[in-house]
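Asks: Before anything else, here's the structure in question.
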Protein chains: 2
Amino acid sequence: MRQMELGIYLWYYNFMEDNLKLANIRHTLAHLLAQAVKAEHPNAKLTLGPAIDNGFYYDVDFGSTKLSDDDLPKLEKIMRQNLSNWKEFTNKELSPEDALEYFKDNEYKTELINEIRDRDEKITLYTCDGFTDLCRGGHATNPNKEIKMDSFKLDRVAGAYWRGNENNKMLTRIYGLAFSTKDELDSYINQQEEAQKRDHRKLGKELELFTIIEEIGGGLPLFYPNGAIMRREIENFITDVQEKRGFMPIWIPHITKGKLYEISGHLDKYDAMYTPMTIDEGEKYYLKPMNCPHFMMLYKTLPHSYRDLPVRYVSTTTNYRYEKSGELSGLTRVRSLTQDDCHVFCEPTKIHDEIKVMLEMISELYKTFGFEDFYVRISLRDSQNKSNYLGNDDVWDRAENALREIVKSTGWNYKEAEDEAAFYGPKLDFMFKDALGREWQLSTIQLDFNLPEKFELDYTNDAGEKVRPVVIHRAMLGSTERFMGIMIEHFAGKFPTWLSPIQVAIIPVRENHEEESLKIQEELRASGIRCEIYTGNDSLGKRIHKANKFNTPYVIVFGDKEMSSGVLTIESRNGKMEGVSKYEFIEKITKEIKEKTLN
Amino acid sequence: MRQMELGIYLWYYNFMEDNLKLANIRHTLAHLLAQAVKAEHPNAKLTLGPAIDNGFYYDVDFGSTKLSDDDLPKLEKIMRQNLSNWKEFTNKELSPEDALEYFKDNEYKTELINEIRDRDEKITLYTCDGFTDLCRGGHATNPNKEIKMDSFKLDRVAGAYWRGNENNKMLTRIYGLAFSTKDELDSYINQQEEAQKRDHRKLGKELELFTIIEEIGGGLPLFYPNGAIMRREIENFITDVQEKRGFMPIWIPHITKGKLYEISGHLDKYDAMYTPMTIDEGEKYYLKPMNCPHFMMLYKTLPHSYRDLPVRYVSTTTNYRYEKSGELSGLTRVRSLTQDDCHVFCEPTKIHDEIKVMLEMISELYKTFGFEDFYVRISLRDSQNKSNYLGNDDVWDRAENALREIVKSTGWNYKEAEDEAAFYGPKLDFMFKDALGREWQLSTIQLDFNLPEKFELDYTNDAGEKVRPVVIHRAMLGSTERFMGIMIEHFAGKFPTWLSPIQVAIIPVRENHEEESLKIQEELRASGIRCEIYTGNDSLGKRIHKANKFNTPYVIVFGDKEMSSGVLTIESRNGKMEGVSKYEFIEKITKEIKEKTLN
C-alpha cells in the first residue's frame, strides 16, 4: 500500500468495511443456526461455527442421529422464525473454571476453553434471544435489522472431522449461504448451478471429449476423437501463431539420462519427478517433468553467432509430473501435461524486442478465444534484498524495465509484485477470469539468467568474444490439457465452429434423401469442413437429438423440400437459415473457420 | 518349393549354380591371399579364411607386427603375380597325427584338427602353386582361367577375435571383395560409396536434421528445426491420408499403471520394457512400449453397436523400447519410436473391406514417396498344425482368404509364408527396396483375435447380442524415425519440395536488394512456402553455398537485373529458370507442394 493514493485508499477502506459487516452477519447466522439445532435436537453438542467465504457453517455432534439435506428446510424455518427476536448480543467474561462448569457436558467446548486458558486469553460467552455460546465476538449489531430474511439459505449437510483431524470423531457440518441481499444470494446460487452445468469433467463425458481410466491411472486423461481433434486445433493454432513470427519447431524425446538433470540442477531440487527407470546397462533414465534442459542441450550442439540470434525454439510436448491423487481434477490438474513450450536464446540487449513479440502472440491467442478479462502480474526481485537473486544488477534492471515498459505499452491491466520473481529472473504471469468470474493462471514469460550458466551456453558477439545468451521461457496455453479444461467451461461446451469436432451434421429425412446428403457431405469435406451424416434406422427426432447432443454448430435436415428446391435449411446457434445454396453455405462456414469467428 | 513350376525350378537351379561357382572363386582367393601373406610374413600364423557375401577374408595372427590398409596393395600385387600359376588344386587326406605334426607350430590349425578328429571327419590338405592349407575343399576348378584378374580387390584390415570370442586373442582380418566380373565389382564398390554418402547419420548432421546427445542418451534422437519440420510434414501427410477415409484421431498418455499390461499379458511376455517408476502412493507406472492396450481400453469405455462399427482409431505417438546400446543406429534403430498407429475394431465379416482401405492408403503413401520396389509378405498359420494358433477355423480362413485375395487384386508382388503368422492372427508385412537395393520392412497390417478376448471387448450385433469385434493393427510408416532414416538415404538428402525444410532461399546480391527480397519472402510465406533469406556480411558465394548446403530446391539470387526487370532468376535441381515472374513462380511451387511432386 506504500504508493496507494487517497482515492484507492478510501475505496479499499469501504471494501474492507463491507466485508467485515458481511462476515459479522454470517457469523451471527451461525449462532442462529446453532439455536435452531438445539431447539430441534436438545442433546446435540455444538462445537465450532465460523463465517466462511460464501456464508457460514456449524459443526455439530448429533450422537447417533443422522442428519440429511432433507432436515434443512425445517431448521431454516426455525431460524427465520427466531430471527425477529434477535435484537442485540450481550456478552460476559467468565473465569476458566466457570466456563468449564457451564460447558461441562460438551467435551468440544471444554477442549476449546482449556486452550484459551492456556493461551491466557479472555473467555467470553455471547447471548442473543436467550441463546448462549462460547464466542470471541464479531456479530451484527442489530441482527434482525441487518440480516435480510431472504438473503440466506441452508445449503447442505456434510461430514467433517473435529478440528479437521481424521483421527478425531466425524461430526455433521451444516453449510449455509449468506450474502448482503437476496440478489447477491440468487446470483451466487445461479453461478454455482452454471458452474456445475459447465463442469468440464461433466461436459467432457457428455461431448465424448476425454475420459480417465482407472487401469491406466488418475491424472492421465485419454482423448476420444472429439477431444483429440480439439487438442490438435488448439495446438495447430499455436504453431501458426509462432511460426509466422519465425519461431522454429524442434522435437525432443520424453526421457533422458539423469546426467541432464545433474547439469541443470533439477535432480536435487525438483520434487514432482517420477522415480528413475533402469535398463540392462544400469543407466538411470527419467521421464521429463519439464523441457528446459533438453532445449538447452540442443542449442549447445551447434555453434552460434550474434548474426543468427535470436534462436527461437518451440515444441509442444508432454511432460509428466507427480501430483497427489487427491489433488487431481479432470483436465485442470493432471499428471500428463502437454506444454506449448518455447525457449528463446537472445542477446541481453534484445530482451525488449523478444518480449514484445511474445505479448503480441499472447494477445492474438486471447483475442481468438474471446478471453477478454485478464491482467498481467509482473514479478520482480526484492529491491531491498538483491542478494537472493542470481545475475548482475545491470541485466536485472534492463530485464525488469523491459517487462514493465512493454506491459504498460499494451494498455493491459497489470500488477507489480516485488519479491515474487524466480531466483533466476523476473517474470510475467497472465491471470484470466473466465465467464463465471473464476481466476486462472494461463500464460507465463520468464527470464532466465541461470540455465545459460549451468549449461555454459554461449554465442560469439560482434567483437568476436564468446558470451552468454539470455534465455526466455514462454508458454502461452500453459498446458493443452488445462487450457482445454478452462476453455470447455468458458464456452460451456458450445465451441466456436473452428474448434468444434463436428462442424456440420446432415440428417436425411428419409432413405431416398441419403444419396444427395452424402454428396453434400463429400463437398463439405473436400472444403475441409468436418461433417457427419446421421442415417440409419433411428427416427428423425432421435437423429436431430444426436446432433444437438454434441452442440454441432450447423445441422442440416435434408428432405423433400431441399431435394426439389436445391437450397438448404440450416439450424444454427444463431437461428434458422432458410433457402441457402450449398455454395453460399460453404463460403460462409469456410470464412468463419478461417477467421476463427467466435459465435 | 512344393508348388514350384519347372521354369522357376530351372531358374532357381542356375541361380544356385552361379552362386556356388562364385563362392568357390572367393574361397580360392582366400587361399591366394594366404599364400601372399606367408610370402611377406613367413612367421604369420594362418587361421581361417572363408568366402563371404561380397568376397572373402582371412584371419591371421601376425604376432607383434601391425598390419594396416596401406599394406594391402603389396599383398594384392603378389596375389595377381601368383594367380597365373594357380592352375589346379590337388588334395590328400591325412591322419590326425600327421596333420597335427604338419601344423605343429600353428596352435589355431591344431585346435581345428582336434575338433575335426573329434567329429570323426576326414582331414584334408589342399595345395595349389605349392601353397598348402588345411581345407575341406570347394575351389575353382581352373583358378587362373575362372578368376578374372580385375574382378577382386583387397578391401580393408580389421580386428577379429579368434572364433569370434572376445576372451580369445585378437587376430588381423584382411577383407577382400570379389565378384564374377570387373563390372560387378565396380558396381558393388560404387554402391558402397553411394551408401556412405547417403548415410542418414552423416546427412542428418550435415543438413541439421537431428542429433544424438550423450547426456540425454543413445537411441533418443533430438530433432533440429529442419528435422522437426520434416517429421511433421510426414506425420501430417499420414493424418490426411487417414482422416479423409474416416479414421479418427485419439490421444493417449505415454505412461500407464501396470494393471493395463496385466490385462493385456504384456507384463509377463514383453521384454523390451523399461523398469517401472513409482510414486508416493506406491503404484507402479510403466512407460508404454506399444499402444494397443491403451486403444483397447478407450474402445471399452463406450458402448458400441454394429451400426457404429467399424471404429477406426489412430494416433501418432511415441513409444519407448529398450534396445542394447550396441544395436542402436541413427534413426533406424532407436529407443524412442513414434508410431503412426491404428487400430480398427470391426465385425469379422468386414475384414476384407477394412484391409482394402488400408492397402489403398499404403499405396498412396508409397506412390507419394516414390517407393516403387516392394513386395508383400502374407504370413499365414501353419496349415498342418493349427493348434498353436488362437481363434477358430472359420475366422482364420476368412481372414487369410481376405488377405490373399486383396493382395492379389492389387497386382503387387507378394510371397506367402506359412507358419509365419502371429499366434493371434495372420498379417501382411511390406518389404521395401531402397534406391541402393537394400531391403527394409515398412508397413504392417495384423489381425488380432486375442486382445479383444483379453480386454473382453464387445459390440451389439444386429441380433441384439453382445459379441467380440476383430481388431486390425496397422502402421504405415512403421515409425516416423525409421521411415525418416530410410527416406533420407533413399533421397540422398535431396528431398522433394513439399518435404524440404527450406523450400526457397533468396540471396540479395547487395544491401540495396534486401528490401525487395524481403517483400518477395513475405509473399512466398503468405502462400505457405518455407522461405529463408540470406543477407549479412558474408560474400555472395558463401551465401549461395549456405543455401546449397541444405539442398534447398529453389535458390533465387536477386540483383540489379531482377530489380529492374521485375522477373526472377531461379536455380533449381532441374536447371536454371530465367525471366520468371514472381506469380508464375508462386503458382508453380504451390502446385508442386500441393501435389507432392517427386523432383
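Numbering starts fresh at 1 for the residues of each chain in the C-alpha cells, the chains themselves are lettered A, B, ... in the order given, and ligands are numbered from 1 as they appear.
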Please identify all polymer residues within 9 Å of stretch 563-571 of chain A, counting only C-alpha atoms, omitting same-chain residues fewer than 3 positions from it, and present them as JSON, numbers by chain.

Replies: {"A": [513, 516, 553, 554, 555, 556, 557, 558, 559, 560, 574, 575, 576, 577, 578, 579, 580, 581, 582, 585]}

Asks: Quick one: write out the picked residues with N, CA and C atoms as a PDB file, in the first residue's frame?

Replies:
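Saved file selection-v1.pdb follows:
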ATOM      1  N   HIS A 513     -33.370 -39.617 -49.367  1.00  0.00           N
ATOM      2  CA  HIS A 513     -32.614 -38.368 -49.278  1.00  0.00           C
ATOM      3  C   HIS A 513     -31.130 -38.605 -48.981  1.00  0.00           C
ATOM      4  N   GLU A 516     -28.226 -37.887 -51.945  1.00  0.00           N
ATOM      5  CA  GLU A 516     -27.949 -36.465 -52.138  1.00  0.00           C
ATOM      6  C   GLU A 516     -27.226 -35.899 -50.901  1.00  0.00           C
ATOM      7  N   PRO A 553     -22.474 -26.983 -34.437  1.00  0.00           N
ATOM      8  CA  PRO A 553     -22.874 -25.603 -34.783  1.00  0.00           C
ATOM      9  C   PRO A 553     -23.926 -25.530 -35.894  1.00  0.00           C
ATOM     10  N   TYR A 554     -23.823 -26.409 -36.895  1.00  0.00           N
ATOM     11  CA  TYR A 554     -24.786 -26.354 -38.003  1.00  0.00           C
ATOM     12  C   TYR A 554     -25.402 -27.721 -38.241  1.00  0.00           C
ATOM     13  N   VAL A 555     -26.738 -27.758 -38.270  1.00  0.00           N
ATOM     14  CA  VAL A 555     -27.446 -29.012 -38.513  1.00  0.00           C
ATOM     15  C   VAL A 555     -28.339 -28.819 -39.740  1.00  0.00           C
ATOM     16  N   ILE A 556     -28.110 -29.651 -40.748  1.00  0.00           N
ATOM     17  CA  ILE A 556     -28.902 -29.569 -41.986  1.00  0.00           C
ATOM     18  C   ILE A 556     -29.875 -30.739 -42.011  1.00  0.00           C
ATOM     19  N   VAL A 557     -31.169 -30.443 -41.972  1.00  0.00           N
ATOM     20  CA  VAL A 557     -32.163 -31.503 -42.167  1.00  0.00           C
ATOM     21  C   VAL A 557     -32.527 -31.496 -43.646  1.00  0.00           C
ATOM     22  N   PHE A 558     -32.306 -32.624 -44.301  1.00  0.00           N
ATOM     23  CA  PHE A 558     -32.419 -32.668 -45.752  1.00  0.00           C
ATOM     24  C   PHE A 558     -33.598 -33.549 -46.165  1.00  0.00           C
ATOM     25  N   GLY A 559     -34.661 -32.920 -46.669  1.00  0.00           N
ATOM     26  CA  GLY A 559     -35.865 -33.672 -47.036  1.00  0.00           C
ATOM     27  C   GLY A 559     -36.360 -33.310 -48.427  1.00  0.00           C
ATOM     28  N   ASP A 560     -37.650 -33.571 -48.652  1.00  0.00           N
ATOM     29  CA  ASP A 560     -38.240 -33.345 -49.979  1.00  0.00           C
ATOM     30  C   ASP A 560     -38.041 -31.913 -50.470  1.00  0.00           C
ATOM     31  N   ASN A 574     -27.352 -19.439 -33.936  1.00  0.00           N
ATOM     32  CA  ASN A 574     -27.885 -18.083 -34.098  1.00  0.00           C
ATOM     33  C   ASN A 574     -29.208 -18.079 -34.857  1.00  0.00           C
ATOM     34  N   GLY A 575     -29.851 -19.229 -34.907  1.00  0.00           N
ATOM     35  CA  GLY A 575     -31.172 -19.277 -35.536  1.00  0.00           C
ATOM     36  C   GLY A 575     -31.183 -20.065 -36.820  1.00  0.00           C
ATOM     37  N   LYS A 576     -32.347 -20.077 -37.433  1.00  0.00           N
ATOM     38  CA  LYS A 576     -32.546 -20.896 -38.625  1.00  0.00           C
ATOM     39  C   LYS A 576     -32.165 -20.102 -39.866  1.00  0.00           C
ATOM     40  N   MET A 577     -31.490 -20.785 -40.831  1.00  0.00           N
ATOM     41  CA  MET A 577     -31.210 -20.150 -42.123  1.00  0.00           C
ATOM     42  C   MET A 577     -31.968 -20.953 -43.169  1.00  0.00           C
ATOM     43  N   GLU A 578     -32.775 -20.251 -43.943  1.00  0.00           N
ATOM     44  CA  GLU A 578     -33.553 -20.968 -44.965  1.00  0.00           C
ATOM     45  C   GLU A 578     -33.171 -20.498 -46.356  1.00  0.00           C
ATOM     46  N   GLY A 579     -33.362 -21.382 -47.310  1.00  0.00           N
ATOM     47  CA  GLY A 579     -33.129 -21.021 -48.713  1.00  0.00           C
ATOM     48  C   GLY A 579     -31.685 -20.664 -49.027  1.00  0.00           C
ATOM     49  N   VAL A 580     -30.756 -21.322 -48.336  1.00  0.00           N
ATOM     50  CA  VAL A 580     -29.330 -21.038 -48.561  1.00  0.00           C
ATOM     51  C   VAL A 580     -28.782 -22.054 -49.568  1.00  0.00           C
ATOM     52  N   SER A 581     -28.068 -21.605 -50.568  1.00  0.00           N
ATOM     53  CA  SER A 581     -27.487 -22.562 -51.509  1.00  0.00           C
ATOM     54  C   SER A 581     -26.274 -23.216 -50.858  1.00  0.00           C
ATOM     55  N   LYS A 582     -25.954 -24.406 -51.358  1.00  0.00           N
ATOM     56  CA  LYS A 582     -24.806 -25.157 -50.853  1.00  0.00           C
ATOM     57  C   LYS A 582     -23.541 -24.307 -50.886  1.00  0.00           C
ATOM     58  N   PHE A 585     -23.434 -21.570 -48.344  1.00  0.00           N
ATOM     59  CA  PHE A 585     -23.160 -22.130 -47.018  1.00  0.00           C
ATOM     60  C   PHE A 585     -21.681 -22.477 -46.860  1.00  0.00           C
TER      61      PHE A 585
END

Asks: Counting only C-alpha atoms, collect the residues of chain A whose closest atom lies at most 6 Å from chain B, and write them out as a PyMOL selection string.

Replies: chain A and resi 215-217+222-225+228+248-252+256-257+259-260+275+277-278

Asks: List every residue of stretch 141-325 of chain A that DSSP, applied to the backbone, labels as helix (DSSP H, G or I), and write the result as a PyMOL selection string.

Replies: chain A and resi 143-146+162-164+182-198+200-206+225-243+258-264+266-269+292-300+325

Asks: Calculate the C-alpha RMSD, in Å to one decimal, after superposing chain B onto chain A by least squares over all C-alpha atoms paired in sequence order.

Replies: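 After superposition, the RMSD is 0.1 Å.
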
Asks: Check the smallest atom-to-atom distance from each of B:Gly204, B:Gly326, B:Pro348, B:Gly411 to B:Asn392 using only C-alpha atoms, then report the winner.

Replies: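 Checking each candidate against B:Asn392, we get B:Pro348 as the closest.
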
Asks: As a ChimeraX atom specification, please: the residues near A:Asn599 (cut-off 9 Å, only C-alpha atoms, same-chain neighbours under 5 positions excluded).

Replies: /A:494-497,553,573-574,592

Asks: Okay, now the selection with N, CA, C and O atoms, as a PDB file, in the first residue's frame?

Replies:
ATOM      1  N   LYS A 494     -20.106 -25.120 -25.840  1.00  0.00           N
ATOM      2  CA  LYS A 494     -20.580 -24.656 -27.155  1.00  0.00           C
ATOM      3  C   LYS A 494     -19.425 -23.913 -27.822  1.00  0.00           C
ATOM      4  O   LYS A 494     -19.275 -22.701 -27.695  1.00  0.00           O
ATOM      5  N   PHE A 495     -18.630 -24.656 -28.574  1.00  0.00           N
ATOM      6  CA  PHE A 495     -17.373 -24.117 -29.092  1.00  0.00           C
ATOM      7  C   PHE A 495     -17.585 -23.359 -30.389  1.00  0.00           C
ATOM      8  O   PHE A 495     -18.508 -23.656 -31.137  1.00  0.00           O
ATOM      9  N   PRO A 496     -16.697 -22.394 -30.657  1.00  0.00           N
ATOM     10  CA  PRO A 496     -16.739 -21.751 -31.973  1.00  0.00           C
ATOM     11  C   PRO A 496     -16.587 -22.823 -33.057  1.00  0.00           C
ATOM     12  O   PRO A 496     -15.987 -23.873 -32.800  1.00  0.00           O
ATOM     13  N   THR A 497     -17.091 -22.521 -34.240  1.00  0.00           N
ATOM     14  CA  THR A 497     -17.114 -23.526 -35.312  1.00  0.00           C
ATOM     15  C   THR A 497     -15.728 -24.112 -35.578  1.00  0.00           C
ATOM     16  O   THR A 497     -15.563 -25.317 -35.725  1.00  0.00           O
ATOM     17  N   PRO A 553     -22.474 -26.983 -34.437  1.00  0.00           N
ATOM     18  CA  PRO A 553     -22.874 -25.603 -34.783  1.00  0.00           C
ATOM     19  C   PRO A 553     -23.926 -25.530 -35.894  1.00  0.00           C
ATOM     20  O   PRO A 553     -24.794 -24.678 -35.850  1.00  0.00           O
ATOM     21  N   ARG A 573     -26.789 -22.072 -34.053  1.00  0.00           N
ATOM     22  CA  ARG A 573     -26.984 -21.491 -32.718  1.00  0.00           C
ATOM     23  C   ARG A 573     -27.583 -20.101 -32.809  1.00  0.00           C
ATOM     24  O   ARG A 573     -28.205 -19.622 -31.889  1.00  0.00           O
ATOM     25  N   ASN A 574     -27.352 -19.439 -33.936  1.00  0.00           N
ATOM     26  CA  ASN A 574     -27.885 -18.083 -34.098  1.00  0.00           C
ATOM     27  C   ASN A 574     -29.208 -18.079 -34.857  1.00  0.00           C
ATOM     28  O   ASN A 574     -29.606 -17.070 -35.411  1.00  0.00           O
ATOM     29  N   GLU A 592     -15.855 -18.435 -41.712  1.00  0.00           N
ATOM     30  CA  GLU A 592     -15.981 -18.478 -40.254  1.00  0.00           C
ATOM     31  C   GLU A 592     -14.845 -19.302 -39.638  1.00  0.00           C
ATOM     32  O   GLU A 592     -14.269 -18.921 -38.615  1.00  0.00           O
TER      33      GLU A 592
END

Asks: Would you please work out which residue, of B:Asn548, B:Thr47, B:Asn385, B:Gln446, is nearest to B:Trp162 when using only C-alpha atoms?

Replies: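 Once distances to B:Trp162 are computed over only C-alpha atoms, the minimum belongs to B:Thr47.
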
Asks: May I have the residues within 7 Å of stretch 123-139 of chain A as a list in words, using only C-alpha atoms and disregarding those fewer than 3 positions away in the same chain?

Replies: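 My list of contacting residues is Asn24, Ile25, His27, Thr28, Gln35, Asn85, Trp86, Glu88, Phe89, Thr90, Asn91, Lys92, Glu93, Leu94, Ser95, Pro96 and Ile116 of chain A.
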
Asks: Please save N, CA, C and O atoms of the selected residues as a PDB file, in the first residue's frame.

Replies:
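Wrote it out as again_12.pdb, contents follow:
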ATOM      1  N   ASN A  24     -19.650 -10.445   9.820  1.00  0.00           N
ATOM      2  CA  ASN A  24     -20.377 -10.423  11.104  1.00  0.00           C
ATOM      3  C   ASN A  24     -21.775 -11.014  10.953  1.00  0.00           C
ATOM      4  O   ASN A  24     -22.255 -11.742  11.825  1.00  0.00           O
ATOM      5  N   ILE A  25     -22.437 -10.658   9.830  1.00  0.00           N
ATOM      6  CA  ILE A  25     -23.767 -11.227   9.569  1.00  0.00           C
ATOM      7  C   ILE A  25     -23.673 -12.749   9.474  1.00  0.00           C
ATOM      8  O   ILE A  25     -24.464 -13.476  10.067  1.00  0.00           O
ATOM      9  N   HIS A  27     -21.420 -14.745  10.693  1.00  0.00           N
ATOM     10  CA  HIS A  27     -21.114 -15.331  11.992  1.00  0.00           C
ATOM     11  C   HIS A  27     -22.379 -15.368  12.857  1.00  0.00           C
ATOM     12  O   HIS A  27     -22.654 -16.337  13.553  1.00  0.00           O
ATOM     13  N   THR A  28     -23.157 -14.299  12.784  1.00  0.00           N
ATOM     14  CA  THR A  28     -24.411 -14.234  13.542  1.00  0.00           C
ATOM     15  C   THR A  28     -25.350 -15.360  13.115  1.00  0.00           C
ATOM     16  O   THR A  28     -25.997 -16.009  13.944  1.00  0.00           O
ATOM     17  N   GLN A  35     -28.870 -22.183  17.507  1.00  0.00           N
ATOM     18  CA  GLN A  35     -30.072 -22.099  18.349  1.00  0.00           C
ATOM     19  C   GLN A  35     -31.159 -23.042  17.808  1.00  0.00           C
ATOM     20  O   GLN A  35     -31.783 -23.789  18.563  1.00  0.00           O
ATOM     21  N   ASN A  85     -36.655 -12.056  16.765  1.00  0.00           N
ATOM     22  CA  ASN A  85     -36.335 -11.809  18.188  1.00  0.00           C
ATOM     23  C   ASN A  85     -34.863 -11.468  18.415  1.00  0.00           C
ATOM     24  O   ASN A  85     -34.463 -11.168  19.521  1.00  0.00           O
ATOM     25  N   TRP A  86     -34.033 -11.598  17.373  1.00  0.00           N
ATOM     26  CA  TRP A  86     -32.602 -11.362  17.531  1.00  0.00           C
ATOM     27  C   TRP A  86     -32.291  -9.880  17.372  1.00  0.00           C
ATOM     28  O   TRP A  86     -31.994  -9.397  16.299  1.00  0.00           O
ATOM     29  N   GLU A  88     -30.172  -7.945  19.781  1.00  0.00           N
ATOM     30  CA  GLU A  88     -28.853  -7.472  20.217  1.00  0.00           C
ATOM     31  C   GLU A  88     -28.119  -8.573  20.981  1.00  0.00           C
ATOM     32  O   GLU A  88     -28.754  -9.352  21.701  1.00  0.00           O
ATOM     33  N   PHE A  89     -26.785  -8.645  20.781  1.00  0.00           N
ATOM     34  CA  PHE A  89     -25.978  -9.589  21.554  1.00  0.00           C
ATOM     35  C   PHE A  89     -25.532  -8.944  22.864  1.00  0.00           C
ATOM     36  O   PHE A  89     -25.248  -7.751  22.909  1.00  0.00           O
ATOM     37  N   THR A  90     -25.541  -9.742  23.934  1.00  0.00           N
ATOM     38  CA  THR A  90     -24.859  -9.289  25.151  1.00  0.00           C
ATOM     39  C   THR A  90     -23.711 -10.269  25.374  1.00  0.00           C
ATOM     40  O   THR A  90     -23.721 -11.385  24.859  1.00  0.00           O
ATOM     41  N   ASN A  91     -22.730  -9.873  26.173  1.00  0.00           N
ATOM     42  CA  ASN A  91     -21.643 -10.811  26.444  1.00  0.00           C
ATOM     43  C   ASN A  91     -21.114 -10.640  27.837  1.00  0.00           C
ATOM     44  O   ASN A  91     -21.287  -9.584  28.471  1.00  0.00           O
ATOM     45  N   LYS A  92     -20.545 -11.713  28.354  1.00  0.00           N
ATOM     46  CA  LYS A  92     -19.856 -11.587  29.642  1.00  0.00           C
ATOM     47  C   LYS A  92     -18.617 -12.471  29.662  1.00  0.00           C
ATOM     48  O   LYS A  92     -18.551 -13.485  28.974  1.00  0.00           O
ATOM     49  N   GLU A  93     -17.625 -12.010  30.477  1.00  0.00           N
ATOM     50  CA  GLU A  93     -16.393 -12.769  30.596  1.00  0.00           C
ATOM     51  C   GLU A  93     -16.538 -13.748  31.752  1.00  0.00           C
ATOM     52  O   GLU A  93     -17.134 -13.422  32.772  1.00  0.00           O
ATOM     53  N   LEU A  94     -16.023 -14.959  31.558  1.00  0.00           N
ATOM     54  CA  LEU A  94     -16.075 -15.969  32.622  1.00  0.00           C
ATOM     55  C   LEU A  94     -14.663 -16.392  33.000  1.00  0.00           C
ATOM     56  O   LEU A  94     -13.751 -16.330  32.181  1.00  0.00           O
ATOM     57  N   SER A  95     -14.526 -16.856  34.236  1.00  0.00           N
ATOM     58  CA  SER A  95     -13.253 -17.492  34.612  1.00  0.00           C
ATOM     59  C   SER A  95     -13.208 -18.846  33.936  1.00  0.00           C
ATOM     60  O   SER A  95     -14.273 -19.416  33.629  1.00  0.00           O
ATOM     61  N   PRO A  96     -12.009 -19.377  33.716  1.00  0.00           N
ATOM     62  CA  PRO A  96     -11.929 -20.717  33.103  1.00  0.00           C
ATOM     63  C   PRO A  96     -12.781 -21.728  33.869  1.00  0.00           C
ATOM     64  O   PRO A  96     -13.448 -22.564  33.256  1.00  0.00           O
ATOM     65  N   ILE A 116      -7.952 -21.858  25.331  1.00  0.00           N
ATOM     66  CA  ILE A 116      -7.999 -20.396  25.510  1.00  0.00           C
ATOM     67  C   ILE A 116      -7.295 -20.022  26.829  1.00  0.00           C
ATOM     68  O   ILE A 116      -6.504 -19.093  26.910  1.00  0.00           O
TER      69      ILE A 116
END

Asks: Rounded to one decimal, what separation in Å do you get between atom CA of B:Leu598 and atom CA of B:Gly370?

Replies: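 Atom-to-atom, atom CA of B:Leu598 and atom CA of B:Gly370 are spaced 7.1 Å apart.
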
Asks: Which residue, B:Glu347, B:Glu193, B:Glu481, B:Glu400, has the smallest gap to B:Thr317 when you use only C-alpha atoms?

Replies: B:Glu481

Asks: Residues within 10 Å of A:Gly541, please, as a list in words. Count only C-alpha atoms; anything in the same chain fewer than 3 positions from it doesn't count.

Replies: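 Near A:Gly541, the qualifying residues are Ile507, Val509, Asp538, Ile544, His545 and Lys546 of chain A.
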
Asks: Quick one: write out the picked residues with N, CA and C atoms as a PDB file, in the first residue's frame?

Replies:
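Listed below is the output, result.pdb:
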ATOM      1  N   ILE A 507     -28.770 -34.501 -41.724  1.00  0.00           N
ATOM      2  CA  ILE A 507     -29.740 -35.527 -41.362  1.00  0.00           C
ATOM      3  C   ILE A 507     -30.742 -35.692 -42.498  1.00  0.00           C
ATOM      4  N   VAL A 509     -33.991 -36.865 -44.195  1.00  0.00           N
ATOM      5  CA  VAL A 509     -35.277 -37.175 -43.579  1.00  0.00           C
ATOM      6  C   VAL A 509     -35.635 -38.646 -43.794  1.00  0.00           C
ATOM      7  N   ASP A 538     -32.801 -44.998 -36.829  1.00  0.00           N
ATOM      8  CA  ASP A 538     -33.379 -44.146 -35.790  1.00  0.00           C
ATOM      9  C   ASP A 538     -34.337 -43.114 -36.389  1.00  0.00           C
ATOM     10  N   ILE A 544     -31.774 -35.930 -34.847  1.00  0.00           N
ATOM     11  CA  ILE A 544     -31.553 -34.498 -34.569  1.00  0.00           C
ATOM     12  C   ILE A 544     -31.014 -34.336 -33.142  1.00  0.00           C
ATOM     13  N   HIS A 545     -31.553 -35.120 -32.233  1.00  0.00           N
ATOM     14  CA  HIS A 545     -31.106 -35.071 -30.841  1.00  0.00           C
ATOM     15  C   HIS A 545     -29.608 -35.412 -30.739  1.00  0.00           C
ATOM     16  N   LYS A 546     -29.185 -36.395 -31.519  1.00  0.00           N
ATOM     17  CA  LYS A 546     -27.779 -36.819 -31.506  1.00  0.00           C
ATOM     18  C   LYS A 546     -26.865 -35.672 -31.950  1.00  0.00           C
TER      19      LYS A 546
END

Asks: Could you pull the residues within 12 Å of B:Ala463, counting only C-alpha atoms, minus those fewer than 4 positions along the same chain, as a list in words?

Replies: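 Contacts, with the query itself left out: Ser305, Tyr306, Arg307, Tyr459 and Val467 of chain B.
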
Asks: Export C-alpha atoms of the chosen residues as a PDB file, in the first residue's frame?

Replies:
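Now in result.pdb:
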ATOM      1  CA  SER B 305     -23.365 -51.222 -31.821  1.00  0.00           C
ATOM      2  CA  TYR B 306     -22.825 -52.852 -35.222  1.00  0.00           C
ATOM      3  CA  ARG B 307     -24.308 -49.603 -36.568  1.00  0.00           C
ATOM      4  CA  TYR B 459     -20.410 -54.696 -29.646  1.00  0.00           C
ATOM      5  CA  VAL B 467     -20.190 -60.325 -29.498  1.00  0.00           C
TER       6      VAL B 467
END

Asks: Check stretch 138-291 of chain A with DSSP on the backbone and list each residue it calls strand (DSSP E or B), as number ranges by chain.

Replies: A: 152-161, 170-178, 210-211, 222-223, 248-249, 251, 255-257, 277-278, 284-287

Asks: Just checking: using only C-alpha atoms, which residue out of B:Leu451, B:Glu418, B:Ala195, B:Ser187 ends up closest to B:Gln384?

Replies: B:Glu418

Asks: Which of these residues is nearest to A:Ala158, using only C-alpha atoms: A:Lys66, A:Arg245, A:Lys415, A:Lys594?

Replies: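 Result for the nearest residue to A:Ala158: A:Lys66.
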
Asks: When you look at A:Ala505 with a cut-off of 6 Å (counting only C-alpha atoms), what residues show up, excluding the ones that are within fewer than 6 positions of it in the same chain? I need them as a list in words.

Replies: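 Near A:Ala505, the qualifying residues are Cys531, Glu532, Ile533 and Val555 of chain A.
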
Asks: Between atom CA of B:Ser443 and atom CA of B:Met431, what distance in Å does the model show, to one decimal?

Replies: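 Atom-to-atom, atom CA of B:Ser443 and atom CA of B:Met431 are spaced 7.9 Å apart.
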
Asks: What does the distance between atom CA of B:Leu203 and atom CA of B:Thr368 come to in Å, to one decimal place?

Replies: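 Rounded to one decimal, the two atoms are 21.8 Å apart.
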